[in-house]
$ cat work18.cif   # mmCIF, C-alpha atoms and all ligand atoms
data_upload
#
loop_
_atom_site.label_atom_id
_atom_site.label_comp_id
_atom_site.auth_asym_id
_atom_site.auth_seq_id
_atom_site.Cartn_x
_atom_site.Cartn_y
_atom_site.Cartn_z
CA MET W 1 21.22 -30.79 -6.99
CA PRO W 2 18.30 -30.12 -4.59
CA ASP W 3 14.91 -31.05 -5.99
CA SER W 4 12.43 -28.28 -6.73
CA ASN W 5 10.11 -29.38 -3.89
CA SER W 6 12.80 -28.93 -1.27
CA VAL W 7 13.78 -25.54 -2.77
CA ALA W 8 10.11 -24.44 -2.60
CA THR W 9 9.80 -25.70 0.99
CA LYS W 10 12.93 -23.83 2.01
CA GLN W 11 11.73 -20.65 0.30
CA SER W 12 8.45 -20.80 2.16
CA MET W 13 10.26 -21.49 5.47
CA LEU W 14 12.52 -18.51 4.82
CA ALA W 15 9.48 -16.34 4.06
CA GLN W 16 8.00 -17.36 7.43
CA TYR W 17 11.37 -16.86 9.16
CA SER W 18 11.53 -13.33 7.69
CA VAL W 19 8.06 -12.48 8.99
CA GLU W 20 8.98 -13.77 12.46
CA HIS W 21 12.07 -11.56 12.50
CA CYS W 22 10.12 -8.37 11.78
CA GLU W 23 9.20 -6.12 14.68
CA PRO W 24 6.05 -7.45 16.41
CA VAL W 25 2.80 -5.58 15.82
CA ASN W 26 0.47 -4.16 18.45
CA PRO W 27 -2.58 -6.20 19.54
CA LEU W 28 -5.02 -3.98 17.60
CA LEU W 29 -3.34 -4.91 14.31
CA GLU W 30 -3.59 -8.59 15.33
CA GLU W 31 -7.26 -7.98 16.00
CA ILE W 32 -7.77 -6.46 12.54
CA VAL W 33 -6.28 -9.64 11.04
CA GLU W 34 -8.53 -11.91 13.13
CA PHE W 35 -11.61 -9.83 12.32
CA THR W 36 -10.79 -9.70 8.61
CA LEU W 37 -10.21 -13.47 8.39
CA ALA W 38 -13.49 -14.21 10.16
CA ASN W 39 -15.74 -11.59 8.58
CA THR W 40 -14.64 -10.61 5.07
CA GLU W 41 -14.72 -12.40 1.75
CA TYR W 42 -11.17 -11.63 0.58
CA PRO W 43 -8.92 -11.54 3.66
CA GLN W 44 -5.89 -12.18 1.44
CA MET W 45 -6.08 -8.48 0.54
CA LEU W 46 -4.47 -7.67 3.93
CA THR W 47 -0.87 -6.53 3.74
CA GLY W 48 0.07 -8.28 7.01
CA ARG W 49 2.98 -8.05 9.42
CA GLN W 50 6.03 -8.00 7.12
CA GLU W 51 4.68 -5.48 4.63
CA GLY W 52 2.97 -3.44 7.34
CA ARG W 53 6.27 -3.11 9.23
CA LEU W 54 8.03 -2.22 5.97
CA LEU W 55 5.49 0.53 5.24
CA LYS W 56 5.97 1.94 8.72
CA LEU W 57 9.74 1.90 8.37
CA LEU W 58 9.66 3.54 4.92
CA ALA W 59 7.25 6.26 6.08
CA HIS W 60 9.63 6.94 8.98
CA LEU W 61 12.64 7.05 6.67
CA CYS W 62 11.10 9.74 4.50
CA ASP W 63 9.98 11.74 7.56
CA ALA W 64 6.44 11.53 6.32
CA LYS W 65 4.04 14.07 7.74
CA ARG W 66 1.43 13.83 4.99
CA ALA W 67 0.67 10.36 3.62
CA LEU W 68 -1.89 9.02 1.16
CA GLU W 69 -3.19 5.48 0.82
CA ILE W 70 -5.18 4.28 -2.19
CA GLY W 71 -7.04 1.12 -1.11
CA MET W 72 -7.68 0.88 2.65
CA PHE W 73 -9.78 -2.28 3.17
CA THR W 74 -10.13 -2.97 6.93
CA GLY W 75 -7.36 -0.57 7.91
CA TYR W 76 -4.28 -2.71 8.50
CA SER W 77 -1.81 -0.85 6.28
CA ALA W 78 -3.34 2.53 7.17
CA LEU W 79 -2.76 1.96 10.87
CA SER W 80 0.75 0.67 10.17
CA VAL W 81 1.66 3.86 8.28
CA ALA W 82 -0.05 6.09 10.86
CA GLU W 83 2.28 4.69 13.54
CA ALA W 84 5.19 6.38 11.72
CA LEU W 85 3.56 9.81 11.46
CA PRO W 86 4.13 12.59 13.99
CA VAL W 87 1.18 13.57 16.21
CA ASP W 88 0.27 16.39 13.81
CA GLY W 89 0.75 14.15 10.75
CA ILE W 90 -2.08 12.95 8.54
CA LEU W 91 -2.82 9.87 6.47
CA ILE W 92 -5.63 10.30 3.97
CA THR W 93 -6.88 6.87 3.01
CA LEU W 94 -9.21 6.13 0.10
CA ASP W 95 -11.61 3.28 -0.47
CA ILE W 96 -14.72 2.78 -2.56
CA ASN W 97 -16.47 0.52 -0.07
CA GLN W 98 -18.57 2.21 2.63
CA SER W 99 -18.70 -0.87 4.86
CA TYR W 100 -14.90 -1.18 4.89
CA GLY W 101 -14.87 2.48 5.90
CA GLU W 102 -17.08 1.75 8.91
CA ILE W 103 -15.04 -1.29 9.95
CA ALA W 104 -11.73 0.55 9.67
CA ARG W 105 -13.02 3.63 11.52
CA GLY W 106 -14.05 1.36 14.40
CA PHE W 107 -10.46 0.15 14.70
CA PHE W 108 -8.90 3.60 14.17
CA ASP W 109 -11.05 5.07 16.95
CA ARG W 110 -9.50 2.57 19.36
CA SER W 111 -5.92 3.45 18.38
CA GLU W 112 -3.70 6.20 19.74
CA HIS W 113 -2.85 6.89 16.06
CA GLY W 114 -6.45 6.98 14.86
CA ASP W 115 -6.75 10.78 15.00
CA LYS W 116 -4.14 11.02 12.27
CA ILE W 117 -6.28 9.05 9.79
CA GLU W 118 -8.91 10.61 7.51
CA ILE W 119 -11.01 8.23 5.41
CA LYS W 120 -12.49 9.28 2.07
CA ILE W 121 -15.07 6.94 0.56
CA GLY W 122 -15.65 6.91 -3.20
CA PRO W 123 -13.79 6.06 -6.41
CA ALA W 124 -10.16 6.85 -5.63
CA LEU W 125 -9.56 8.79 -8.85
CA ASP W 126 -12.37 11.19 -7.92
CA SER W 127 -10.98 11.61 -4.40
CA ILE W 128 -7.48 12.30 -5.77
CA LYS W 129 -8.89 14.90 -8.17
CA LEU W 130 -10.47 16.69 -5.20
CA LEU W 131 -7.23 16.47 -3.21
CA ALA W 132 -5.38 18.06 -6.14
CA GLN W 133 -7.70 21.07 -5.89
CA ALA W 134 -6.93 21.72 -2.21
CA GLU W 135 -4.90 24.70 -1.03
CA GLU W 136 -1.26 24.41 -1.99
CA HIS W 137 0.03 23.37 1.47
CA LEU W 138 -2.63 20.61 1.60
CA ARG W 139 -2.00 19.11 -1.78
CA TYR W 140 1.42 17.52 -1.38
CA PHE W 141 2.35 14.11 0.04
CA ASP W 142 5.59 12.70 1.42
CA PHE W 143 4.50 9.08 1.15
CA VAL W 144 1.93 7.26 -1.00
CA PHE W 145 0.84 3.62 -0.89
CA ILE W 146 -1.03 2.31 -3.96
CA ASP W 147 -3.02 -0.87 -3.21
CA ALA W 148 -6.45 -0.64 -4.89
CA ASP W 149 -7.95 -1.90 -8.18
CA LYS W 150 -5.14 -3.02 -10.43
CA PRO W 151 -6.43 -1.80 -13.85
CA ASN W 152 -6.22 1.77 -12.51
CA TYR W 153 -2.63 1.61 -11.26
CA VAL W 154 -1.24 3.75 -14.11
CA ASN W 155 -4.03 6.29 -13.57
CA TYR W 156 -3.35 6.40 -9.82
CA TYR W 157 0.36 6.83 -10.40
CA GLU W 158 -0.07 9.65 -12.90
CA ALA W 159 -2.66 11.36 -10.70
CA VAL W 160 -0.52 11.26 -7.53
CA LEU W 161 2.98 11.85 -8.92
CA PRO W 162 2.41 15.63 -9.27
CA LEU W 163 1.25 15.67 -5.63
CA VAL W 164 4.34 13.91 -4.26
CA ARG W 165 7.12 16.18 -3.02
CA GLN W 166 10.67 15.78 -4.32
CA ASN W 167 12.30 12.77 -2.56
CA GLY W 168 8.85 11.55 -1.57
CA LEU W 169 8.15 7.83 -1.89
CA ILE W 170 5.45 5.91 -3.75
CA VAL W 171 5.07 2.28 -2.68
CA VAL W 172 3.07 0.04 -5.00
CA ASP W 173 1.74 -3.36 -3.93
CA ASN W 174 1.11 -6.61 -5.84
CA VAL W 175 3.45 -5.86 -8.73
CA HIS W 176 4.08 -9.60 -9.25
CA TYR W 177 0.38 -10.42 -9.14
CA SER W 178 0.92 -14.02 -8.00
CA GLY W 179 3.53 -14.48 -10.71
CA LEU W 180 1.07 -13.78 -13.54
CA VAL W 181 3.26 -10.89 -14.71
CA LEU W 182 5.52 -13.55 -16.25
CA ASP W 183 2.69 -15.05 -18.31
CA GLU W 184 0.67 -14.14 -21.35
CA THR W 185 -2.65 -13.61 -19.64
CA ASP W 186 -6.16 -12.28 -20.22
CA ASP W 187 -6.65 -11.58 -16.52
CA THR W 188 -7.67 -7.92 -16.32
CA ASN W 189 -5.88 -7.31 -13.02
CA ALA W 190 -2.67 -8.98 -14.13
CA ARG W 191 -2.73 -6.98 -17.37
CA GLY W 192 -3.23 -3.80 -15.34
CA ILE W 193 -0.18 -4.63 -13.26
CA LYS W 194 1.95 -5.59 -16.27
CA ASN W 195 0.96 -2.36 -17.95
CA PHE W 196 1.88 -0.39 -14.83
CA ASN W 197 5.26 -2.12 -14.45
CA GLU W 198 6.15 -1.34 -18.08
CA HIS W 199 4.92 2.24 -17.61
CA VAL W 200 7.34 2.98 -14.74
CA LYS W 201 10.24 0.70 -15.68
CA ASP W 202 12.05 3.47 -17.59
CA ASP W 203 10.33 6.47 -16.05
CA GLN W 204 13.08 9.02 -15.42
CA ARG W 205 10.88 11.01 -13.03
CA VAL W 206 11.49 8.43 -10.28
CA ASP W 207 14.16 6.08 -8.88
CA ARG W 208 12.81 2.54 -9.22
CA VAL W 209 13.42 -0.60 -7.16
CA MET W 210 11.20 -3.69 -7.36
CA LEU W 211 11.33 -6.00 -4.33
CA ASP W 212 10.43 -9.67 -4.64
CA ILE W 213 8.93 -9.98 -1.19
CA ARG W 214 5.34 -11.16 -0.76
CA ASP W 215 3.44 -10.33 -3.96
CA GLY W 216 6.07 -7.91 -5.23
CA ILE W 217 6.48 -4.30 -4.11
CA TYR W 218 7.68 -1.38 -6.26
CA LEU W 219 9.49 1.46 -4.50
CA LEU W 220 9.50 4.72 -6.48
CA ARG W 221 11.31 7.82 -5.20
CA LYS W 222 10.36 11.07 -6.88
CA ARG W 223 13.42 12.83 -8.30
C1 LIG K 1 -5.97 -4.94 -1.57
S1 LIG K 1 -7.25 -4.07 -0.76
C2 LIG K 1 -6.36 -2.94 0.24
C3 LIG K 1 -5.66 -3.63 1.38
C4 LIG K 1 -5.14 -2.69 2.45
N1 LIG K 1 -4.15 -1.77 1.92
C5 LIG K 1 -4.59 -3.47 3.61
O1 LIG K 1 -3.40 -3.57 3.79
O2 LIG K 1 -5.38 -4.06 4.35
C6 LIG K 1 -7.89 -3.09 -2.05
C7 LIG K 1 -8.96 -2.11 -1.64
O3 LIG K 1 -9.21 -1.23 -2.74
C8 LIG K 1 -10.55 -0.86 -2.73
N2 LIG K 1 -10.91 -0.38 -4.07
C9 LIG K 1 -11.15 -1.11 -5.19
N3 LIG K 1 -11.46 -0.31 -6.22
C10 LIG K 1 -11.41 0.95 -5.76
C11 LIG K 1 -11.61 2.23 -6.35
N4 LIG K 1 -11.93 2.37 -7.64
N5 LIG K 1 -11.46 3.32 -5.57
C12 LIG K 1 -11.13 3.20 -4.26
N6 LIG K 1 -10.92 2.02 -3.65
C13 LIG K 1 -11.05 0.91 -4.40
C14 LIG K 1 -11.29 -2.13 -2.31
O4 LIG K 1 -12.55 -1.81 -1.76
C15 LIG K 1 -10.31 -2.74 -1.31
O5 LIG K 1 -10.67 -2.41 0.01
#
$ encode --input "work18.cif" --output "C-alpha cells"
Amino acid sequence: MPDSNSVATKQSMLAQYSVEHCEPVNPLLEEIVEFTLANTEYPQMLTGRQEGRLLKLLAHLCDAKRALEIGMFTGYSALSVAEALPVDGILITLDINQSYGEIARGFFDRSEHGDKIEIKIGPALDSIKLLAQAEEHLRYFDFVFIDADKPNYVNYYEAVLPLVRQNGLIVVDNVHYSGLVLDETDDTNARGIKNFNEHVKDDQRVDRVMLDIRDGIYLLRKR
C-alpha cells in the first residue's frame, strides 16, 4: 500500500497538472497575480488560473449576460467572468474595500472587457438590497459568484436567490474552508461555511453539486 506521503505528493502533482492543462490566461490576469502577491496582505484570496477558467466556462455555459460577484478583491475573478460576457453584458462586482476598488479599476481600464464591469463599494448586503430595488429588467442575474466574508454566506445566498433567473447559476467558493468543515471548530469563518453548506444541502430550490477542487466549490442551479 502506498504511504500517505506519496499519496499527498501525487495529489499535489495532479493538482498542478490540472492547472497546467487549463486554458492559459491573458497577460493582464498574470499581472494581477504578480501585483497581488507583491502588494497585498492576503494574496491567497485570489481565485487563480484553474478556478478563473472554470468561472469563465460556467458563465459561458449559462449564456450569462448579467452577472454578479460578491467579493472582488483585486479583480482576478471579475475579469475572468467578464471575458465570457457579450459586449453588451454586465458584471456588477461588490467589495467593501475602497482601495481594492481602485486597484481593480486600474486593471479593468486596461482590459478590452473592462467596460462590462461595474464596481460597487460598500457592505455587499446593502449593495444587494439596492440592486433588488432596481427596475425589473435590471434586477435579475444569470450568474452569481459568492466569494466574500464567510459568516454572511447564508445571507448572501438568500438575498441573491430571488434575483437569479430560472436555470441561472450560483457558484460559491471556499466551501471546504481548508478542510475545517470536517472538524468541530470555533473558527467564525469555518462555522459560517459549515452553516451555509448545511443550509443548501437539501434546498429543493436549486440543483446542488459540490466540487472538491481547490478549496471546494459549490455549484447551485436555480430550478
Ligand atoms: C476572497 S476575496 C475575493 C477574491 C476574488 N473573488 C478573486 O478571485 O480575486 C474576498 C473579498 O471580499 C471582500 N469583503 C469582505 N467582507 C465584505 C463585505 N461585508 N461586503 C463586501 N465585500 C466584502 C474583501 O474585501 C475581499 O476583497
$ atom_distance --input "work18.cif" --atom1 "CA of Lys56 (chain W)" --atom2 "CA of Ala148 (chain W)"
18.6 Å
$ closest_residue --input "work18.cif" --among "W:Tyr157, W:Phe35, W:Phe196, W:Tyr76" --to "ligand LIG 1 (chain K)" --atoms "all atoms listed in the file"
W:Tyr76
$ closest_residue --input "work18.cif" --among "W:Thr74, W:Gln204, W:Gln11, W:Asn39" --to "ligand LIG 1 (chain K)" --atoms "only C-alpha atoms and all ligand atoms"
W:Thr74
$ residues_around --input "work18.cif" --residues "Val181 (chain W)" --least-positions-apart "2" --cutoff "7 Å" --atoms "only C-alpha atoms" --output "compact mmCIF listing (two decimals) with C-alpha atoms, keeping the file's coordinate frame"
# COMPACT_ATOMS: atom_id res chain seq x y z
CA HIS W 176 4.08 -9.60 -9.25
CA TYR W 177 0.38 -10.42 -9.14
CA GLY W 179 3.53 -14.48 -10.71
CA ASP W 183 2.69 -15.05 -18.31
CA ALA W 190 -2.67 -8.98 -14.13
CA LYS W 194 1.95 -5.59 -16.27
$ residues_around --input "work18.cif" --residues "Phe145 (chain W)" --least-positions-apart "5" --cutoff "10 Å" --atoms "only C-alpha atoms" --output "list in words"
Leu55, Ala59, Ala67, Leu68, Glu69, Ile70, Gly71, Met72, Ser77, Ala78, Val81, Thr93, Leu169, Ile170, Val171, Val172, Asp173 and Leu219 of chain W
$ residues_near_ligand --input "work18.cif" --ligand "ligand LIG 1 (chain K)" --cutoff "6 Å" --atoms "all atoms listed in the file" --output "ChimeraX atom specification"
/W:45-47,71-77,94-97,122-124,147-149
$ closest_atom_pairs --input "work18.cif" --of "region 136-223 of chain W" --to "region 12-28 of chain W" --cutoff "12 Å" --atoms "all atoms listed in the file" --output "Markdown table"
| residue | atom | partner | partner_atom | distance |
| --- | --- | --- | --- | --- |
| W:Asp212 | CA | W:Ala15 | CA | 11.0 |
| W:Ile213 | CA | W:Ala15 | CA | 8.3 |
| W:Arg214 | CA | W:Ala15 | CA | 8.2 |
| W:Asp215 | CA | W:Ala15 | CA | 11.7 |
$ closest_residue --input "work18.cif" --among "W:Thr188, W:Val144, W:Val175, W:Leu163" --to "Val209 (chain W)" --atoms "all atoms listed in the file"
W:Val175
$ closest_residue --input "work18.cif" --among "W:Ile121, W:Ile217, W:Val200, W:Val7" --to "Ser178 (chain W)" --atoms "all atoms listed in the file"
W:Ile217
$ closest_residue --input "work18.cif" --among "W:Cys62, W:Val33, W:Met210, W:Val87" --to "Val164 (chain W)" --atoms "only C-alpha atoms"
W:Cys62
$ atom_distance --input "work18.cif" --atom1 "CA of Gly101 (chain W)" --atom2 "CA of Glu136 (chain W)"
27.0 Å
$ atom_distance --input "work18.cif" --atom1 "CA of Tyr156 (chain W)" --atom2 "CA of Gln50 (chain W)"
24.1 Å
$ axis_aligned_box --input "work18.cif" --around "region 90-97 of chain W" --padding-each-side "5 Å" --output "AutoDock Vina command-line options"
--center_x -9.3 --center_y 6.7 --center_z 3.0 --size_x 24.4 --size_y 22.4 --size_z 21.1
$ residues_near_point --input "work18.cif" --point "(-1.7, 21.8, 1.8)" --cutoff "12 Å" --atoms "all atoms listed in the file" --output "list in words"
Lys65, Arg66, Ala67, Ile90, Leu131, Ala132, Gln133, Ala134, Glu135, Glu136, His137, Leu138, Arg139, Tyr140, Phe141, Asp142, Leu163, Val164 and Arg165 of chain W
$ residues_near_point --input "work18.cif" --point "(4.8, 2.7, 13.0)" --cutoff "8 Å" --atoms "only C-alpha atoms" --output "PyMOL selection string"
chain W and resi 53+56-57+60+79-85
